[in-house]
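A.B. asks: The structure that follows is given in the form of structure tokens.
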2 protein chains.
Amino acid sequence: MAGAKGRRKAEDAPGADATPDTRERIFLAAERLFAERGFDGVSVRDIVEAASANLAAISYHFGSKSELLLEIFRTRAKELNRERRARLREAEARHGGVPPLADILRALMGPPILWRDPASGRDTASRFISRALAEVTPDLRKILESDVRHLRLFVDALARALPQLSEDEVCWALHFTSGLPHQCTDTNFRRLEALSGGGCDTRDVAAALERAVRYALGGVEALAAARAPEGEAQAS
Amino acid sequence: MAGAKGRRKAEDAPGADATPDTRERIFLAAERLFAERGFDGVSVRDIVEAASANLAAISYHFGSKSELLLEIFRTRAKELNRERRARLREAEARHGGVPPLADILRALMGPPILWRDPASGRDTASRFISRALAEVTPDLRKILESDVRHLRLFVDALARALPQLSEDEVCWALHFTSGLPHQCTDTNFRRLEALSGGGCDTRDVAAALERAVRYALGGVEALAAARAPEGEAQAS
DNA sequence: CGAAAAGTCAAACGTTCGTTTTATTGGGGC
DNA sequence: GCCCCAATAAAACGAACGTTTGACTTTTCG
């Protein structure tokens, strides 16, 4: 029953420490390994070896392997939500309340896609989040529920930008859109490169984001148009 | 080095056997458990217990746990591809060569989404495929490469329906679209239900498919419109 | 300084893992 | 009858798993 007791370091000195402390090394190594191989695909021995730490360090600093996962997820999800909210607020400020649809979608999809760029220093975090969302455990589900509160921000923003759409339809639009960034995985990107014979450059994340925004914009507007019928005769 | 030697049953008698043989019980139980918990989250003991079989049965009938996974994936991927191809051919026959964009997208997304319906008897298979695609192992990657050949069918079909689009852009469109069904997971659907306060009915798979088709249609056409510029002034 | 706290370490805990071994069963083909 | 062999069963294999223990070192601070 040893709880997580660590984290008593002063550590806020301005000097950039070249070697992070054990707790942080474990955090970063575990995040990378979890992103690559999933929770059950990584052993605590893998983690401590990658972090150059002792076997007991995970229990000591985090309590257990699963609590380590939850801590990483909480941290990264919070960062992602904060960034999305900031971009949404920015767009709202820029346009005095109701930003154009494209800007809302960019605020939603921008962070996870742009973070894929290794130059952002956040590509591991982005991969980790996508992986965690793909294999949700009961523990993670509880954290995700509080994430729903965060998504309400975007439901409201989309509802204001699409007044002709019912809130349920807005939720459907958000459902399809919020998943788009998470299929920008290494595996899918590799498949895309193979499919196009190398013609698609998946390393240009800014271009990928703009394409995703365009696609989502068309998709959301198509849903909106379907609910405001005017001479549509699409049978079958 | 015990290879997979099983499968010597006659078994093709017309009588519907109420209890499938051991090999098939293992196949079905493993498929369900893998879909629920992932490859590393399921032990061979879990599988044989669910299948009412002996511990050694997996090695005997399939060779190993990983070969069991690969066999399930090969089987289901082949079925999915066959169904998609059949629907595409059907649509082409209906319209004399070049079907409308919506029908191509429906052929692509229809099978995995409609199979989510428990009434289809294929919901476990659909879940399994999505899960396997979310956590691709090096073994699976090789099988996926041959899947690329199958996706060429849809690249060609889309290219014919969107002649103004370069093949690379068609691949991008297919990339976004082919992922849409796989975010219709139980977890995401539960989140959608929670987000909408129960307003979104995720059990109506036919309606979900039509929404996905509409969304994808708008998305693909938006990508096409961006490459055939005519007075578009969408800044930022 | 010196005691308390925080952190690290090697070793071992009991459990579960995938696989193999050995023995036994049970129904066709000669 | 008998043998043969696919199929099942129980038991055991060594390896790897997450976690804990207890001793040791380092840091903190009155």
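By convention here, the chains of the structure tokens are called A, B, ... in the order presented, each chain's residues are numbered starting at 1, and ligands are numbered starting at 1 in the order presented.
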Hey, what's within 12 Å of DG27 (chain C) if we count only C-alpha atoms (C1' of nucleotides) and toss same-chain stuff fewer than 5 positions away? As number ranges by chain, please?
C.D. replies: D: 4-7
A.B. asks: Would you put the residues from that selection into a file with C-alpha atoms (C1' of nucleotides), as a PDB file, in the first residue's frame?
C.D. replies:
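result-v7.pdb, written as the output of this step:
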ATOM      1  C1'  DC D   4      -3.151 -45.397 -36.159  1.00  0.00           C
ATOM      2  C1'  DC D   5      -3.499 -40.809 -35.366  1.00  0.00           C
ATOM      3  C1'  DA D   6      -6.007 -36.521 -34.492  1.00  0.00           C
ATOM      4  C1'  DA D   7      -7.621 -34.598 -30.361  1.00  0.00           C
TER       5       DA D   7
END
A.B. asks: Write down, as a CSV table (one decimal) with N, CA and C atoms, in the first residue's frame, each residue of chain B that has any atom within 8 Å of an atom of chain C, counting only C-alpha atoms (C1' of nucleotides).
C.D. replies:
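Below is the file that was written, selection.csv:
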chain,number,residue,atom,x,y,z
B,43,SER,N,-4.5,-13.4,-21.8
B,43,SER,CA,-3.6,-14.5,-21.7
B,43,SER,C,-4.2,-15.7,-22.4
B,44,VAL,N,-3.3,-16.7,-22.7
B,44,VAL,CA,-3.9,-17.9,-23.4
B,44,VAL,C,-4.8,-18.6,-22.4
B,59,SER,N,-1.6,-23.9,-28.7
B,59,SER,CA,-0.4,-24.3,-29.4
B,59,SER,C,-0.7,-25.4,-30.4
B,65,LYS,N,0.3,-18.2,-29.6
B,65,LYS,CA,-0.7,-17.1,-29.4
B,65,LYS,C,-0.6,-16.0,-30.5
A.B. asks: Any chance you could tabulate, as JSON lines, the residues of chain A at most 7 Å from chain B with each one's nearest atom pair and distance in Å to one decimal, using only C-alpha atoms, in chain and rising number order?
C.D. replies:
{"residue": "A:Asp40", "atom": "CA", "partner": "B:Asp40", "partner_atom": "CA", "distance": 5.5}
{"residue": "A:Gly41", "atom": "CA", "partner": "B:Asp40", "partner_atom": "CA", "distance": 6.2}
{"residue": "A:Ala134", "atom": "CA", "partner": "B:Ala134", "partner_atom": "CA", "distance": 6.0}
{"residue": "A:Val148", "atom": "CA", "partner": "B:Leu195", "partner_atom": "CA", "distance": 6.0}
{"residue": "A:Asp168", "atom": "CA", "partner": "B:Cys200", "partner_atom": "CA", "distance": 5.7}
{"residue": "A:Cys171", "atom": "CA", "partner": "B:Ser196", "partner_atom": "CA", "distance": 6.1}
{"residue": "A:His175", "atom": "CA", "partner": "B:Leu192", "partner_atom": "CA", "distance": 6.6}
{"residue": "A:Phe176", "atom": "CA", "partner": "B:Leu180", "partner_atom": "CA", "distance": 6.8}
{"residue": "A:Gly179", "atom": "CA", "partner": "B:Gln183", "partner_atom": "CA", "distance": 6.3}
{"residue": "A:Leu180", "atom": "CA", "partner": "B:Phe176", "partner_atom": "CA", "distance": 6.8}
{"residue": "A:Gln183", "atom": "CA", "partner": "B:Gly179", "partner_atom": "CA", "distance": 6.3}
{"residue": "A:Leu192", "atom": "CA", "partner": "B:His175", "partner_atom": "CA", "distance": 6.5}
{"residue": "A:Leu195", "atom": "CA", "partner": "B:Val148", "partner_atom": "CA", "distance": 6.0}
{"residue": "A:Ser196", "atom": "CA", "partner": "B:Asp168", "partner_atom": "CA", "distance": 5.8}
{"residue": "A:Gly199", "atom": "CA", "partner": "B:Asp168", "partner_atom": "CA", "distance": 5.8}
{"residue": "A:Cys200", "atom": "CA", "partner": "B:Asp168", "partner_atom": "CA", "distance": 5.8}
{"residue": "A:Arg214", "atom": "CA", "partner": "B:Ala222", "partner_atom": "CA", "distance": 6.2}
{"residue": "A:Tyr215", "atom": "CA", "partner": "B:Gly219", "partner_atom": "CA", "distance": 3.8}
{"residue": "A:Ala216", "atom": "CA", "partner": "B:Gly219", "partner_atom": "CA", "distance": 5.8}
{"residue": "A:Leu217", "atom": "CA", "partner": "B:Gly219", "partner_atom": "CA", "distance": 6.8}
{"residue": "A:Gly218", "atom": "CA", "partner": "B:Gly218", "partner_atom": "CA", "distance": 4.3}
{"residue": "A:Gly219", "atom": "CA", "partner": "B:Tyr215", "partner_atom": "CA", "distance": 3.9}
{"residue": "A:Val220", "atom": "CA", "partner": "B:Tyr215", "partner_atom": "CA", "distance": 6.3}
{"residue": "A:Ala222", "atom": "CA", "partner": "B:Gly218", "partner_atom": "CA", "distance": 5.1}
{"residue": "A:Leu223", "atom": "CA", "partner": "B:Tyr215", "partner_atom": "CA", "distance": 6.1}
A.B. asks: In Å, with one decimal, what is the gap from CA of Glu92 (chain B) to CA of Ile104 (chain B)?
C.D. replies: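 Atom-to-atom, CA of Glu92 (chain B) to CA of Ile104 (chain B), that is 8.7 Å.
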A.B. asks: Tell me, in Å to one decimal, how far CA of Ile72 (chain A) is from CA of Arg25 (chain A).
C.D. replies: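 About the pair CA of Ile72 (chain A) and CA of Arg25 (chain A): they are 12.2 Å apart.
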A.B. asks: List every residue of chain D that has an atom at most 9 Å from any atom of chain A, giving for each one its closest atom pair and the distance in Å to one decimal, counting only C-alpha atoms (C1' of nucleotides), sorted by chain and then by ascending residue number, as a tab-separated table.
C.D. replies:
residue	atom	partner	partner_atom	distance
D:DC17	C1'	A:Ser43	CA	7.5
D:DG18	C1'	A:Val44	CA	7.5
D:DT19	C1'	A:Ser59	CA	7.5
D:DT20	C1'	A:Ala56	CA	8.7
A.B. asks: May I ask for the distance between CA of Arg106 (chain A) and CA of Glu90 (chain A), given in Å to one decimal place?
C.D. replies: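 For CA of Arg106 (chain A) relative to CA of Glu90 (chain A), the distance reads 11.4 Å.
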